[in-house]
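Asks: Have a look at this one before I ask anything.
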Amino acid sequence: MTAAPHPGVRTVILGRQGAGKGTQAQRLAALCLVPHISTGDMLRAAVREGTPLGLKAKEIMEAGDLVPDDVMIGIVDDRLREDDAERGWILDGFPRTVGQAEALGRITTDAPLDLVVDLVVDNEVVIDRISSRRTCDGCQTVYRADDPAIADGTCPKCGGTPRQRDDDQPEAIRRRLEIYERETAPLVDHYRGLGLLEEVDGLGTEDEVFDRLLAAVDHRTGVE
Ligand code: AMP
């Protein structure tokens with residue numbers, strides 16, 4: 001399928017934890033020449049750096065809970081004002097509540113969203129994916145635990161150590177999925193009502209899912 005550039009798209013990617021949002025959002029951002037803005041990555045960086053935000057978010061994240069809306073809305077508002085976001089962006093992990101979605105609508109009044117993708121994968125599959133997920137503590141690359149490339153316990157890209165994230169432990173996964181159903185799943189209807197929703201089947205290989213994602217973006221942005 002086409003790998004034509006899609007410059008300047010403004011997209012939100014929704015989906016349960018482990019649906020593949022991060023991987024797909026990163027690829028789409030590279031193709032569209034826009035930043036991939038992951039609020040989870042931003043928070044994890046703040047925790048690593050020990051900033052005031054990181055200190056506030058650390059325990060909340062470890063428990064699998066949500067960081068309060070006002071904090072998240074402030075972070076995203078600031079990030080979308082940066083120069084590199086002027087041409088577009090791929091948002092991953094935000095919005096996660098109806099309050100955040102409404103705030104995003106206000107923040108983007110001048111340059112509104114082109115589409116919202118719901119990457120659909122059911123619970124059983126995501127639980128399996130998350131529990132076998134290992135994230136490099138150096139470059140944040142995500143691997144499967146049984147990937148031969150990390151059999152020696154070292155990340156082949158940067159020499160860091162692939163580890164299980166605290167919030168990928170079974171109890172935190174259960175809690176995060178519960179919160180997803182309660183707080184984030186209603187956003188699917190919210191965006192369907194606004195006529196912005198594209199559902200994309202998240203099962204299959206990374207390339208298969210990416211082709212479906214591109215078809216959804218093409219459909220919305222008019223690129224043939
Ligand atoms: P993620 O990598 O997107 O799964 O995010 C990891 C964790 O960061 C979540 O479980 C939340 O604790 C926190 N987080 C990330 N994005 C948000 C958001 N938009 N609202 C509230 N908490 C968030």
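Letters A, B, ... go to the chains of the structure tokens in the order shown; residues in each chain start at 1; ligands are counted from 1 in the same order.
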Around ligand 1, which protein and nucleic acid residues have at least one atom no more than 7 Å from it, if we count only C-alpha atoms and all ligand atoms? List them as a list in words.

Replies: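 Protein and nucleic-acid residues within 7 Å of ligand 1: Gln17, Ser38, Thr39, Gly40, Asp41, Leu43, Ile60, Met61, Gly64, Asp65, Leu66, Val67, Pro68, Asp69, Met72, Asp92, Gly93, Phe94, Pro95, Arg96, Asp167 and Arg176 of chain A.
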
Asks: Deliver the residues from the most recent selection as a file, using C-alpha atoms, as a PDB file, in the first residue's frame.

Replies:
ATOM      1  CA  GLN A  17      -3.105   0.088  26.779  1.00  0.00           C
ATOM      2  CA  SER A  38       2.854  10.863  23.907  1.00  0.00           C
ATOM      3  CA  THR A  39       1.746  12.123  27.317  1.00  0.00           C
ATOM      4  CA  GLY A  40       2.890   8.821  28.889  1.00  0.00           C
ATOM      5  CA  ASP A  41       6.414   9.340  27.450  1.00  0.00           C
ATOM      6  CA  LEU A  43       5.425  11.909  32.160  1.00  0.00           C
ATOM      7  CA  ILE A  60      -0.101   7.903  40.453  1.00  0.00           C
ATOM      8  CA  MET A  61       1.468   6.247  37.414  1.00  0.00           C
ATOM      9  CA  GLY A  64      -2.029   2.783  37.147  1.00  0.00           C
ATOM     10  CA  ASP A  65      -4.225   5.783  38.056  1.00  0.00           C
ATOM     11  CA  LEU A  66      -4.764   8.938  35.986  1.00  0.00           C
ATOM     12  CA  VAL A  67      -2.841  12.153  36.562  1.00  0.00           C
ATOM     13  CA  PRO A  68      -5.418  14.941  37.236  1.00  0.00           C
ATOM     14  CA  ASP A  69      -7.007  16.603  34.216  1.00  0.00           C
ATOM     15  CA  MET A  72      -2.484  17.043  31.841  1.00  0.00           C
ATOM     16  CA  ASP A  92      -1.046   9.430  21.855  1.00  0.00           C
ATOM     17  CA  GLY A  93      -2.436   8.960  25.382  1.00  0.00           C
ATOM     18  CA  PHE A  94      -4.362  12.242  25.425  1.00  0.00           C
ATOM     19  CA  PRO A  95      -7.240  12.894  25.779  1.00  0.00           C
ATOM     20  CA  ARG A  96      -8.131  10.175  28.269  1.00  0.00           C
ATOM     21  CA  ASP A 167       2.571   0.014  35.561  1.00  0.00           C
ATOM     22  CA  ARG A 176      -5.486   0.692  34.002  1.00  0.00           C
TER      23      ARG A 176
END

Asks: Could you list, as a PyMOL selection string, every residue within 12 Å of Gly105 of chain A, counting only C-alpha atoms and ignoring same-chain residues fewer than 2 positions away?

Replies: chain A and resi 12+73+76-77+94-95+98-103+107-114+190-191+194

Asks: Next, write the just-selected residues to a file, as an mmCIF file, in the first residue's frame, keeping N, CA, C and O atoms as the atom set.

Replies:
data_model
loop_
_atom_site.group_PDB
_atom_site.id
_atom_site.type_symbol
_atom_site.label_atom_id
_atom_site.label_comp_id
_atom_site.auth_asym_id
_atom_site.auth_seq_id
_atom_site.Cartn_x
_atom_site.Cartn_y
_atom_site.Cartn_z
ATOM 1 N N VAL A 12 -5.665 12.272 16.820
ATOM 2 C CA VAL A 12 -5.625 11.643 18.146
ATOM 3 C C VAL A 12 -5.719 10.136 17.938
ATOM 4 O O VAL A 12 -6.523 9.675 17.132
ATOM 5 N N ILE A 73 -3.920 18.817 31.027
ATOM 6 C CA ILE A 73 -4.369 19.803 30.037
ATOM 7 C C ILE A 73 -3.296 20.896 29.900
ATOM 8 O O ILE A 73 -2.955 21.322 28.794
ATOM 9 N N VAL A 76 -0.327 19.540 27.807
ATOM 10 C CA VAL A 76 -0.610 19.403 26.372
ATOM 11 C C VAL A 76 -0.790 20.780 25.729
ATOM 12 O O VAL A 76 -0.304 21.028 24.613
ATOM 13 N N ASP A 77 -1.418 21.689 26.435
ATOM 14 C CA ASP A 77 -1.600 23.041 25.916
ATOM 15 C C ASP A 77 -0.225 23.651 25.604
ATOM 16 O O ASP A 77 0.013 24.170 24.502
ATOM 17 N N PHE A 94 -3.573 11.054 25.067
ATOM 18 C CA PHE A 94 -4.362 12.242 25.425
ATOM 19 C C PHE A 94 -5.297 12.551 24.263
ATOM 20 O O PHE A 94 -4.837 12.524 23.123
ATOM 21 N N PRO A 95 -6.571 12.832 24.486
ATOM 22 C CA PRO A 95 -7.240 12.894 25.779
ATOM 23 C C PRO A 95 -7.587 11.502 26.305
ATOM 24 O O PRO A 95 -7.689 10.549 25.545
ATOM 25 N N VAL A 98 -13.367 12.703 29.283
ATOM 26 C CA VAL A 98 -14.210 13.642 28.541
ATOM 27 C C VAL A 98 -13.753 15.080 28.817
ATOM 28 O O VAL A 98 -13.714 15.919 27.919
ATOM 29 N N GLY A 99 -13.344 15.364 30.070
ATOM 30 C CA GLY A 99 -12.859 16.714 30.413
ATOM 31 C C GLY A 99 -11.641 17.086 29.572
ATOM 32 O O GLY A 99 -11.534 18.213 29.077
ATOM 33 N N GLN A 100 -10.729 16.137 29.377
ATOM 34 C CA GLN A 100 -9.537 16.409 28.558
ATOM 35 C C GLN A 100 -9.941 16.615 27.089
ATOM 36 O O GLN A 100 -9.388 17.481 26.399
ATOM 37 N N ALA A 101 -10.924 15.832 26.614
ATOM 38 C CA ALA A 101 -11.354 15.967 25.212
ATOM 39 C C ALA A 101 -11.981 17.341 24.984
ATOM 40 O O ALA A 101 -11.729 17.996 23.962
ATOM 41 N N GLU A 102 -12.779 17.777 25.953
ATOM 42 C CA GLU A 102 -13.406 19.096 25.800
ATOM 43 C C GLU A 102 -12.341 20.194 25.812
ATOM 44 O O GLU A 102 -12.398 21.138 25.025
ATOM 45 N N ALA A 103 -11.335 20.030 26.686
ATOM 46 C CA ALA A 103 -10.250 21.020 26.735
ATOM 47 C C ALA A 103 -9.471 21.012 25.418
ATOM 48 O O ALA A 103 -9.114 22.076 24.899
ATOM 49 N N ILE A 107 -8.496 24.087 23.017
ATOM 50 C CA ILE A 107 -7.098 24.410 22.696
ATOM 51 C C ILE A 107 -6.896 24.475 21.181
ATOM 52 O O ILE A 107 -6.075 25.222 20.680
ATOM 53 N N THR A 108 -7.666 23.661 20.438
ATOM 54 C CA THR A 108 -7.420 23.536 18.998
ATOM 55 C C THR A 108 -8.486 24.239 18.159
ATOM 56 O O THR A 108 -8.688 23.876 17.005
ATOM 57 N N THR A 109 -9.120 25.251 18.726
ATOM 58 C CA THR A 109 -10.179 25.927 17.964
ATOM 59 C C THR A 109 -9.663 26.459 16.628
ATOM 60 O O THR A 109 -10.337 26.360 15.603
ATOM 61 N N ASP A 110 -8.436 27.007 16.626
ATOM 62 C CA ASP A 110 -7.915 27.612 15.391
ATOM 63 C C ASP A 110 -7.467 26.582 14.364
ATOM 64 O O ASP A 110 -7.476 26.849 13.162
ATOM 65 N N ALA A 111 -7.006 25.417 14.841
ATOM 66 C CA ALA A 111 -6.512 24.385 13.932
ATOM 67 C C ALA A 111 -7.074 23.053 14.428
ATOM 68 O O ALA A 111 -6.408 22.303 15.128
ATOM 69 N N PRO A 112 -8.330 22.770 14.086
ATOM 70 C CA PRO A 112 -9.014 21.620 14.688
ATOM 71 C C PRO A 112 -8.494 20.265 14.216
ATOM 72 O O PRO A 112 -7.801 20.170 13.203
ATOM 73 N N LEU A 113 -8.870 19.272 14.983
ATOM 74 C CA LEU A 113 -8.514 17.884 14.692
ATOM 75 C C LEU A 113 -8.991 17.447 13.308
ATOM 76 O O LEU A 113 -10.114 17.771 12.923
ATOM 77 N N ASP A 114 -8.166 16.661 12.592
ATOM 78 C CA ASP A 114 -8.615 16.075 11.323
ATOM 79 C C ASP A 114 -9.367 14.776 11.561
ATOM 80 O O ASP A 114 -10.335 14.482 10.879
ATOM 81 N N HIS A 190 -18.018 10.103 21.994
ATOM 82 C CA HIS A 190 -17.865 11.561 21.941
ATOM 83 C C HIS A 190 -17.379 11.977 20.537
ATOM 84 O O HIS A 190 -17.967 12.853 19.888
ATOM 85 N N TYR A 191 -16.329 11.301 20.057
ATOM 86 C CA TYR A 191 -15.762 11.692 18.758
ATOM 87 C C TYR A 191 -16.597 11.182 17.581
ATOM 88 O O TYR A 191 -16.619 11.782 16.524
ATOM 89 N N LEU A 194 -19.028 13.754 16.979
ATOM 90 C CA LEU A 194 -18.481 14.937 16.301
ATOM 91 C C LEU A 194 -18.109 14.624 14.841
ATOM 92 O O LEU A 194 -17.592 15.483 14.132
#

Asks: Using DSSP on the backbone, list every residue of segment 55-179 of chain A that comes out as strand (DSSP E or B), and give them as a ChimeraX atom specification.

Replies: /A:89-92,115-120,133-136,142-144,162-163

Asks: Return the single residue from A:Ala185, A:Ala149, A:Val117, A:Val47 that is closest to Leu28 of chain A, with distances computed using only C-alpha atoms.

Replies: A:Val117

Asks: Within 10 Å of Ala25 of chain A, counting only C-alpha atoms, which residues show up once you throw out same-chain ones fewer than 6 positions away? Write them as a ChimeraX atom specification, please.

Replies: /A:11-13,31,35-38,89-92,210,213
